[in-house]
>>> print(open('protein.csv').read())   # CSV, C-alpha atoms
chain,number,residue,atom,x,y,z
A,307,MET,CA,175.6,105.8,86.9
A,308,ALA,CA,178.9,107.6,86.5
A,309,LYS,CA,178.7,107.0,82.8
A,310,PHE,CA,175.5,109.0,82.5
A,311,ASN,CA,176.9,111.9,84.4
A,312,LYS,CA,179.9,112.0,82.2
A,313,LYS,CA,177.9,112.2,79.1
A,314,LYS,CA,176.1,115.4,79.8
A,315,ASN,CA,177.7,117.8,82.2
A,316,ASP,CA,175.7,120.9,81.6
A,317,MET,CA,172.0,120.8,80.6
A,318,PRO,CA,171.3,122.5,77.4
A,319,ALA,CA,168.6,125.2,77.6
A,320,VAL,CA,165.2,124.1,76.4
A,321,ASN,CA,164.5,125.6,73.1
A,322,THR,CA,161.6,128.0,73.5
A,323,ALA,CA,161.5,129.3,70.0
A,324,SER,CA,158.2,127.6,69.3
A,325,LEU,CA,156.5,128.9,72.4
A,326,PRO,CA,155.1,131.9,70.7
A,327,ASP,CA,153.7,129.7,68.0
A,328,ILE,CA,151.9,127.5,70.6
A,329,VAL,CA,150.6,130.6,72.4
A,330,PHE,CA,149.4,132.1,69.1
A,331,MET,CA,147.6,129.0,68.3
A,332,LEU,CA,145.7,129.1,71.6
A,333,LEU,CA,145.1,132.8,71.1
A,334,PHE,CA,143.5,132.3,67.7
A,335,PHE,CA,141.4,129.6,69.1
A,336,PHE,CA,140.0,131.9,71.7
A,337,MET,CA,139.7,134.8,69.4
A,338,VAL,CA,137.5,132.7,67.0
A,339,THR,CA,135.3,131.1,69.7
A,340,THR,CA,134.8,134.3,71.7
A,341,THR,CA,131.4,135.8,71.5
A,342,MET,CA,131.2,139.2,73.2
A,343,LYS,CA,128.0,139.9,75.0
A,344,ASP,CA,126.3,142.4,72.7
A,345,SER,CA,123.8,143.8,75.1
A,346,ASP,CA,124.1,144.6,78.8
A,347,LEU,CA,121.5,143.0,80.9
A,348,LYS,CA,119.4,145.5,82.8
A,349,VAL,CA,117.0,142.8,84.1
A,350,LYS,CA,118.1,140.3,86.7
A,351,GLN,CA,118.0,136.7,85.4
A,352,VAL,CA,118.1,133.2,86.6
A,353,LEU,CA,117.1,130.9,83.8
A,354,PRO,CA,115.0,127.8,84.3
A,355,LYS,CA,116.6,124.4,84.0
A,356,ALA,CA,115.5,121.9,81.4
A,357,THR,CA,116.5,118.7,79.8
A,358,GLU,CA,114.9,118.8,76.4
A,359,THR,CA,116.7,121.8,75.1
A,360,LYS,CA,118.0,122.5,71.7
A,361,LYS,CA,120.9,124.7,70.9
A,362,LEU,CA,120.2,127.9,69.1
A,363,GLU,CA,122.4,128.0,66.1
A,364,GLN,CA,123.0,131.0,63.9
A,365,LYS,CA,122.7,133.8,66.3
A,366,LYS,CA,122.1,136.1,63.4
A,367,LEU,CA,118.6,134.6,63.1
A,368,VAL,CA,117.6,134.9,66.7
A,369,SER,CA,115.9,137.9,68.4
A,370,TYR,CA,116.3,137.9,72.1
A,371,ILE,CA,113.6,139.1,74.5
A,372,TYR,CA,114.9,139.4,78.0
A,373,VAL,CA,112.4,139.4,80.8
A,374,GLY,CA,113.0,139.7,84.5
A,375,LYS,CA,113.0,141.9,87.5
A,376,VAL,CA,114.8,145.2,87.9
A,377,PRO,CA,116.4,145.5,91.3
A,378,GLY,CA,114.5,147.9,93.5
A,379,LYS,CA,111.4,148.0,91.3
A,380,LYS,CA,108.2,146.0,91.4
A,381,GLY,CA,106.9,144.0,88.5
A,382,ASP,CA,108.4,142.3,85.5
A,383,PHE,CA,110.4,144.2,82.9
A,384,ILE,CA,111.1,143.5,79.2
A,385,GLN,CA,114.4,144.3,77.6
A,386,LEU,CA,114.9,144.6,73.9
A,387,ASN,CA,118.4,145.2,72.6
A,388,ASP,CA,120.0,147.6,75.1
A,389,LYS,CA,117.0,149.2,76.8
A,390,LEU,CA,113.9,148.4,78.8
A,391,ALA,CA,110.8,148.4,76.7
A,392,SER,CA,107.1,147.9,76.9
A,393,THR,CA,105.1,145.0,75.4
A,394,LYS,CA,103.9,147.2,72.6
A,395,GLU,CA,107.4,147.7,71.2
A,396,ILE,CA,107.9,144.0,70.6
A,397,LYS,CA,106.1,144.2,67.2
A,398,ASN,CA,108.4,146.8,65.9
A,399,PHE,CA,111.4,144.9,67.3
A,400,ILE,CA,110.5,141.8,65.3
A,401,LEU,CA,109.7,143.7,62.1
A,402,ASP,CA,113.0,145.5,62.4
A,403,LYS,CA,114.8,142.2,62.7
A,404,ARG,CA,113.1,141.0,59.6
A,405,THR,CA,114.5,143.8,57.5
A,406,LYS,CA,118.0,142.7,58.5
A,407,VAL,CA,117.9,139.2,57.0
A,408,THR,CA,117.5,137.9,53.5
A,409,GLU,CA,114.2,136.5,52.3
A,410,SER,CA,115.3,132.9,52.3
A,411,GLU,CA,116.2,133.2,56.0
A,412,LEU,CA,112.8,134.7,57.0
A,413,PRO,CA,111.1,131.4,57.9
A,414,ARG,CA,114.1,130.4,60.1
A,415,LEU,CA,113.9,133.4,62.3
A,416,THR,CA,113.4,132.5,66.0
A,417,THR,CA,112.5,134.5,69.0
A,418,SER,CA,114.2,133.4,72.2
A,419,ILE,CA,112.4,134.3,75.3
A,420,LYS,CA,115.0,134.7,78.1
A,421,ALA,CA,112.9,134.9,81.2
A,422,ASP,CA,113.7,134.7,84.8
A,423,VAL,CA,112.2,131.8,86.8
A,424,ASN,CA,110.1,134.1,88.9
A,425,THR,CA,108.5,136.0,86.0
A,426,ASP,CA,104.7,135.7,85.9
A,427,VAL,CA,103.3,133.6,83.1
A,428,GLY,CA,100.9,136.5,82.4
A,429,THR,CA,103.8,138.6,81.3
A,430,ILE,CA,105.2,135.9,79.0
A,431,TYR,CA,101.7,135.4,77.6
A,432,ASP,CA,101.4,139.0,76.7
A,433,ILE,CA,104.7,138.7,74.8
A,434,LYS,CA,103.5,135.6,73.0
A,435,LYS,CA,100.3,137.4,72.1
A,436,GLU,CA,102.3,140.2,70.5
A,437,LEU,CA,104.5,137.7,68.7
A,438,ARG,CA,101.4,136.0,67.3
A,439,GLU,CA,100.2,139.3,66.0
A,440,VAL,CA,103.2,139.6,63.8
A,441,ASP,CA,103.4,135.9,62.9
A,442,ALA,CA,106.7,135.3,64.7
A,443,LEU,CA,105.6,131.8,65.7
A,444,LYS,CA,108.9,130.1,66.2
A,445,ILE,CA,109.9,130.7,69.8
A,446,ASN,CA,112.3,129.2,72.2
A,447,TYR,CA,112.0,129.2,76.0
A,448,SER,CA,115.6,129.9,77.0
A,449,ALA,CA,116.8,127.5,79.6
A,450,THR,CA,120.0,126.0,81.1
A,451,THR,CA,120.6,122.6,79.9
A,452,VAL,CA,120.9,119.9,82.5
A,453,SER,CA,121.2,116.2,81.8
A,454,ARG,CA,118.4,113.8,82.2
A,455,LYS,CA,118.0,112.0,85.5
A,456,LYS,CA,116.5,108.6,85.6
B,368,MET,CA,181.3,150.8,55.4
B,369,ALA,CA,178.4,149.9,57.6
B,370,LYS,CA,178.0,146.6,59.3
B,371,ARG,CA,177.1,143.9,56.9
B,372,ASP,CA,175.2,141.5,59.2
B,373,ILE,CA,172.0,142.9,60.6
B,374,PRO,CA,171.6,141.7,64.2
B,375,GLU,CA,168.7,139.4,64.7
B,376,ILE,CA,165.6,140.9,66.2
B,377,ASN,CA,165.1,139.5,69.7
B,378,ALA,CA,161.8,137.6,69.6
B,379,GLY,CA,162.0,136.6,73.2
B,380,SER,CA,159.2,139.0,74.2
B,381,MET,CA,156.9,137.8,71.5
B,382,ALA,CA,155.6,135.1,73.8
B,383,ASP,CA,154.9,137.6,76.5
B,384,ILE,CA,152.8,139.7,74.1
B,385,ALA,CA,150.9,136.7,72.9
B,386,PHE,CA,150.3,135.6,76.4
B,387,LEU,CA,148.9,138.9,77.3
B,388,LEU,CA,146.5,138.8,74.4
B,389,LEU,CA,145.6,135.2,75.2
B,390,ILE,CA,144.8,136.1,78.8
B,391,PHE,CA,142.6,138.9,77.7
B,392,PHE,CA,140.6,136.7,75.5
B,393,LEU,CA,140.4,133.9,78.1
B,394,VAL,CA,138.9,136.4,80.6
B,395,THR,CA,136.4,138.0,78.2
B,396,THR,CA,135.3,134.8,76.6
B,397,THR,CA,131.8,133.6,77.5
B,398,MET,CA,131.4,130.1,76.5
B,399,ASP,CA,127.7,129.9,77.3
B,400,ILE,CA,125.7,128.3,74.5
B,401,ASP,CA,122.2,129.5,74.1
B,402,ALA,CA,119.8,126.7,74.4
B,403,GLY,CA,116.1,126.4,75.1
B,404,ILE,CA,113.0,124.5,74.6
B,405,PRO,CA,111.8,125.1,71.0
B,406,ARG,CA,108.0,125.7,70.8
B,407,LYS,CA,105.7,126.8,68.1
B,408,LEU,CA,102.9,129.3,68.7
B,409,PRO,CA,99.5,128.8,67.1
B,410,PRO,CA,98.8,131.3,64.4
B,411,LYS,CA,96.5,134.1,65.3
B,412,GLN,CA,92.8,133.4,65.2
B,413,ASP,CA,89.6,135.1,64.5
B,414,LYS,CA,87.6,135.7,67.6
B,415,THR,CA,84.6,134.2,65.9
B,416,GLN,CA,86.3,130.9,65.2
B,417,LYS,CA,85.3,128.3,67.8
B,418,PRO,CA,87.9,126.0,69.2
B,419,PRO,CA,87.6,122.4,68.0
B,420,ASP,CA,85.6,120.1,70.1
B,421,ILE,CA,87.8,117.6,71.9
B,422,LYS,CA,86.3,114.8,73.9
B,423,LYS,CA,87.3,114.8,77.5
B,424,LYS,CA,89.1,111.5,77.3
B,425,ASN,CA,91.3,112.8,74.5
B,426,ALA,CA,92.4,115.9,76.4
B,427,PHE,CA,95.0,115.7,79.1
B,428,ILE,CA,94.7,119.0,80.9
B,429,VAL,CA,97.5,120.2,83.1
B,430,ASN,CA,96.6,123.1,85.3
B,431,ILE,CA,99.2,125.0,87.2
B,432,ASN,CA,98.1,127.4,89.9
B,433,LYS,CA,100.0,130.4,91.2
B,434,ASN,CA,101.7,128.3,94.0
B,435,GLY,CA,103.1,125.9,91.4
B,436,GLU,CA,100.8,123.1,92.2
B,437,ILE,CA,99.9,120.9,89.3
B,438,LEU,CA,96.4,119.5,88.9
B,439,VAL,CA,95.7,117.1,86.0
B,440,SER,CA,92.3,116.3,84.7
B,441,GLY,CA,90.8,114.7,81.6
B,442,GLY,CA,92.2,111.6,79.8
B,443,GLY,CA,92.8,108.6,81.9
B,444,ILE,CA,92.4,110.5,85.2
B,445,GLU,CA,89.6,109.4,87.5
B,446,GLY,CA,87.1,112.0,88.9
B,447,ASP,CA,87.7,115.7,88.8
B,448,GLY,CA,91.5,115.6,88.7
B,449,LYS,CA,94.6,114.6,90.6
B,450,TYR,CA,97.4,116.6,92.1
B,451,MET,CA,100.8,115.5,90.8
B,452,THR,CA,104.4,116.2,91.2
B,453,VAL,CA,106.5,117.1,88.1
B,454,GLU,CA,108.0,113.6,88.2
B,455,GLN,CA,104.6,111.9,88.1
B,456,LEU,CA,103.5,114.1,85.3
B,457,ARG,CA,105.7,112.6,82.7
B,458,GLU,CA,104.7,109.1,83.4
B,459,GLU,CA,101.0,110.0,83.4
B,460,ALA,CA,101.4,111.9,80.2
B,461,LYS,CA,103.1,108.9,78.6
B,462,LYS,CA,100.4,106.5,79.8
B,463,PHE,CA,97.8,108.9,78.3
B,464,LEU,CA,99.5,109.3,74.9
B,465,ASP,CA,100.3,105.6,74.6
B,466,ASN,CA,96.9,104.4,75.6
B,467,GLY,CA,95.5,103.8,72.1
B,468,GLY,CA,92.0,102.8,73.2
B,469,GLY,CA,90.2,103.4,69.9
B,470,VAL,CA,90.8,104.5,66.3
B,471,GLY,CA,92.7,107.5,65.1
B,472,LYS,CA,92.0,110.1,62.5
B,473,ASP,CA,92.4,107.7,59.7
B,474,GLY,CA,90.0,105.2,61.3
B,475,LYS,CA,92.7,102.7,62.1
B,476,PRO,CA,93.6,101.6,65.6
B,477,CYS,CA,97.0,102.3,67.1
B,478,ASP,CA,98.9,99.1,66.5
B,479,TYR,CA,102.2,100.3,67.9
B,480,CYS,CA,100.8,101.6,71.2
B,481,GLU,CA,101.8,99.7,74.3
B,482,GLY,CA,99.4,101.2,76.7
B,483,LYS,CA,96.5,99.6,78.6
B,484,ARG,CA,93.9,100.6,76.0
B,485,LEU,CA,91.6,102.0,78.7
B,486,GLU,CA,88.1,103.2,77.8
B,487,ASN,CA,88.5,106.5,79.6
B,488,SER,CA,91.8,107.6,78.1
B,489,SER,CA,93.0,108.7,74.7
B,490,VAL,CA,91.9,106.8,71.6
B,491,HIS,CA,95.0,107.4,69.4
B,492,PRO,CA,98.2,109.4,69.7
B,493,ASN,CA,97.1,111.6,66.8
B,494,ARG,CA,94.0,112.6,68.7
B,495,ALA,CA,95.5,112.9,72.1
B,496,VAL,CA,95.9,116.6,73.0
B,497,ILE,CA,97.9,117.8,76.0
B,498,SER,CA,96.9,121.3,77.2
B,499,ILE,CA,98.8,123.4,79.7
B,500,GLN,CA,96.8,125.9,81.5
B,501,SER,CA,97.9,128.3,84.2
B,502,SER,CA,97.1,131.4,86.2
B,503,ARG,CA,98.7,134.7,85.2
B,504,LYS,CA,100.5,134.6,88.5
B,505,THR,CA,102.2,131.3,87.9
B,506,LYS,CA,106.0,131.4,87.9
B,507,HIS,CA,107.7,131.0,84.6
B,508,GLY,CA,110.1,128.6,86.1
B,509,VAL,CA,107.4,126.1,87.0
B,510,TYR,CA,105.8,126.6,83.6
B,511,VAL,CA,109.0,125.8,81.8
B,512,GLN,CA,109.5,122.8,84.0
B,513,VAL,CA,106.1,121.4,83.2
B,514,THR,CA,106.6,122.1,79.5
B,515,ASN,CA,109.9,120.3,79.7
B,516,GLU,CA,108.4,117.2,81.2
B,517,LEU,CA,105.7,117.0,78.6
B,518,VAL,CA,108.1,117.5,75.8
B,519,ARG,CA,110.2,114.8,77.3
B,520,ALA,CA,107.3,112.4,77.4
B,521,TYR,CA,106.9,112.9,73.7
B,522,ASN,CA,110.6,112.5,73.1
B,523,GLU,CA,110.8,109.3,75.1
B,524,LEU,CA,107.9,107.8,73.2
B,525,ARG,CA,109.4,108.8,69.9
B,526,GLU,CA,112.7,107.3,71.1
B,527,ARG,CA,111.0,104.0,71.7
B,528,GLU,CA,109.4,104.0,68.3
B,529,ALA,CA,112.6,104.9,66.6
B,530,GLN,CA,114.3,101.9,68.2
B,531,LYS,CA,111.4,99.7,67.2
B,532,MET,CA,111.3,100.8,63.6
B,533,TYR,CA,114.9,101.4,62.7
B,534,GLY,CA,116.9,100.2,65.6
B,535,GLU,CA,118.4,103.7,65.9
B,536,SER,CA,117.9,106.3,68.6
B,537,TYR,CA,115.7,109.3,67.9
B,538,GLU,CA,118.5,111.6,68.8
B,539,SER,CA,121.0,110.2,66.4
B,540,LEU,CA,118.3,110.1,63.7
B,541,LYS,CA,117.6,113.8,64.2
B,542,GLU,CA,121.3,114.5,64.3
B,543,ARG,CA,122.0,112.7,61.0
B,544,ALA,CA,119.0,114.2,59.3
B,545,LYS,CA,120.3,117.6,60.2
B,546,LYS,CA,123.8,116.9,59.0
B,547,ASN,CA,122.5,115.6,55.6
B,548,PRO,CA,119.7,117.8,54.7
B,549,LYS,CA,119.6,116.4,51.2
B,550,ASN,CA,119.1,112.8,52.3
B,551,GLU,CA,115.4,112.2,51.6
B,552,MET,CA,115.5,108.7,53.2
B,553,LEU,CA,116.6,110.1,56.5
B,554,LYS,CA,114.0,112.8,56.4
B,555,LYS,CA,111.3,110.3,55.7
B,556,LYS,CA,112.4,108.1,58.5
B,557,LEU,CA,112.4,111.0,61.0
B,558,GLU,CA,109.0,112.1,59.8
B,559,SER,CA,107.5,108.6,60.2
B,560,VAL,CA,108.8,108.5,63.8
B,561,LYS,CA,107.4,111.9,64.6
B,562,GLU,CA,104.1,111.0,62.9
B,563,ARG,CA,103.5,108.2,65.4
B,564,PHE,CA,103.5,110.6,68.2
B,565,PRO,CA,102.7,114.1,66.8
B,566,MET,CA,103.3,116.8,69.4
B,567,LEU,CA,99.9,118.2,70.2
B,568,LEU,CA,100.8,120.4,73.0
B,569,SER,CA,98.7,123.4,73.5
B,570,GLU,CA,99.4,126.4,75.6
B,571,ALA,CA,96.1,128.1,76.6
B,572,GLU,CA,95.6,131.6,77.6
B,573,PRO,CA,96.2,132.0,81.3
B,574,ALA,CA,93.1,132.6,83.5
B,575,LYS,CA,92.7,136.0,85.0
B,576,ILE,CA,91.2,134.8,88.2
B,577,GLU,CA,93.0,133.6,91.4
>>> encode(input="protein.csv", output="structure tokens")
Amino acid sequence: MAKFNKKKNDMPAVNTASLPDIVFMLLFFFMVTTTMKDSDLKVKQVLPKATETKKLEQKKLVSYIYVGKVPGKKGDFIQLNDKLASTKEIKNFILDKRTKVTESELPRLTTSIKADVNTDVGTIYDIKKELREVDALKINYSATTVSRKK
Amino acid sequence: MAKRDIPEINAGSMADIAFLLLIFFLVTTTMDIDAGIPRKLPPKQDKTQKPPDIKKKNAFIVNINKNGEILVSGGGIEGDGKYMTVEQLREEAKKFLDNGGGVGKDGKPCDYCEGKRLENSSVHPNRAVISIQSSRKTKHGVYVQVTNELVRAYNELREREAQKMYGESYESLKERAKKNPKNEMLKKKLESVKERFPMLLSEAEPAKIE
């Protein structure tokens, strides 16, 4: 035992020169993976749970329609981009989105319906009807993914 | 003369600065991945066009009322209908799709079906239609839950077929086809599995009454 003690009397300080590198690496990872929420939710939402979900890739090609209740008000509300809207505005919203993508991407445009669990099906149906009018037929019922139970 | 050797810049606080930024991004990051059940809407129709005639035994009608109760009628269900829980729904839907009691669109019987081949249930998977109906006041949550179970019924049957045909799971087949979009073999394989159980899932206009 004594031998060991003799060998090193004072502990050398740990070299922390590479610490910034490590931290920077982490920093870049988070900077790259971060997606900032681009629109503030005005409607209150609890998404339904589902097992057969598919991830929405390429956010650029997805238009979001938020549906839910506004605290203190009766009925369901629709939110497009940053503000509350009526069902009639959906058509323009979709057509507007179409102008922002290239022609080859047009068939891959998807509409994600993010609706609260307590929304009436009637409201959702009205939205779907508007979407059919403008031939935006690829939709996605937004849901939280849960794993299958046997 | 000035000092020759420039003193080294103290980089000790570099870590602190980086940490500060790191913490900022850690806090603002939302890792939620957007996911959902993909569906396809039917193209818009003329009002004059009549819906196609579907025999009662080939239609599995799921009716959800405003209280979230599920009544199933049509293919394979005795009498006027049966109340079901969401869990039962999937099994019943699978029985209905997998029945294979007659001949399909091409006039051939379903040789891969493993159902009971009942007289009063669907004749062939390519003729079996599942229809979801609801009241306007039905909750979206229940509606999505029901849709999910029915989509799952299709997926489980396709899974079975994929195992039978290629000894590979449907999920991994889909995954591989997506990763190699130029591979025609994979695409054909995937299509042949899908074709065995085409997803004929219709969402009807909600009833105004109730």
>>> closest_residue(input="protein.csv", among="A:Lys355, A:Lys397, A:Val423, A:Thr429", to="chain B", atoms="all atoms listed in the file")
A:Val423
>>> residues_around(input="protein.csv", residues="segment 321-326 of chain A", least_positions_apart="4", cutoff="7 Å", atoms="only C-alpha atoms", output="list in words")
Phe330 of chain A; Met381, Ala382 and Ala385 of chain B
>>> write_last_selection(input="protein.csv", atoms="C-alpha atoms", output="PDB file, keeping the file's coordinate frame")
ATOM      1  CA  PHE A 330     149.400 132.100  69.100  1.00  0.00           C
TER       2      PHE A 330
ATOM      3  CA  MET B 381     156.900 137.800  71.500  1.00  0.00           C
ATOM      4  CA  ALA B 382     155.600 135.100  73.800  1.00  0.00           C
ATOM      5  CA  ALA B 385     150.900 136.700  72.900  1.00  0.00           C
TER       6      ALA B 385
END
>>> closest_residue(input="protein.csv", among="B:Lys561, B:Lys424, B:Lys472, B:Lys407", to="chain A", atoms="all atoms listed in the file")
B:Lys407
>>> residues_around(input="protein.csv", residues="Leu333 of chain A", least_positions_apart="3", cutoff="10 Å", atoms="only C-alpha atoms", output="ChimeraX atom specification")
/A:327-330,336-338 /B:385-393
>>> interface_residues(input="protein.csv", of="chain A", to="chain B", cutoff="7 Å", atoms="all atoms listed in the file", output="ChimeraX atom specification")
/A:325-326,329-330,333,336-337,340-342,354,356-362,423-428,438-439,441,443-451
>>> atom_distance(input="protein.csv", atom1="atom CA of Asp478 of chain B", atom2="atom CA of Lys422 of chain B")
21.4 Å
>>> atom_distance(input="protein.csv", atom1="atom CA of Arg543 of chain B", atom2="atom CA of Glu528 of chain B")
17.0 Å
>>> atom_distance(input="protein.csv", atom1="atom CA of Gly374 of chain A", atom2="atom CA of Ile419 of chain A")
10.7 Å
>>> closest_residue(input="protein.csv", among="A:Ser392, A:Thr416, A:Lys348, A:Asp432", to="Ser369 of chain A", atoms="all atoms listed in the file")
A:Thr416
>>> residues_around(input="protein.csv", residues="Asn466 of chain B", least_positions_apart="2", cutoff="8 Å", atoms="only C-alpha atoms", output="number ranges by chain")
B: 462-464, 468, 480-485, 488-492
>>> residues_around(input="protein.csv", residues="segment 436-453 of chain B", least_positions_apart="6", cutoff="6 Å", atoms="all atoms listed in the file", output="PyMOL selection string")
chain B and resi 423-430+487-489
>>> closest_residue(input="protein.csv", among="A:Ala421, A:Ile430, A:Leu367, A:Ile384", to="Thr405 of chain A", atoms="all atoms listed in the file")
A:Leu367
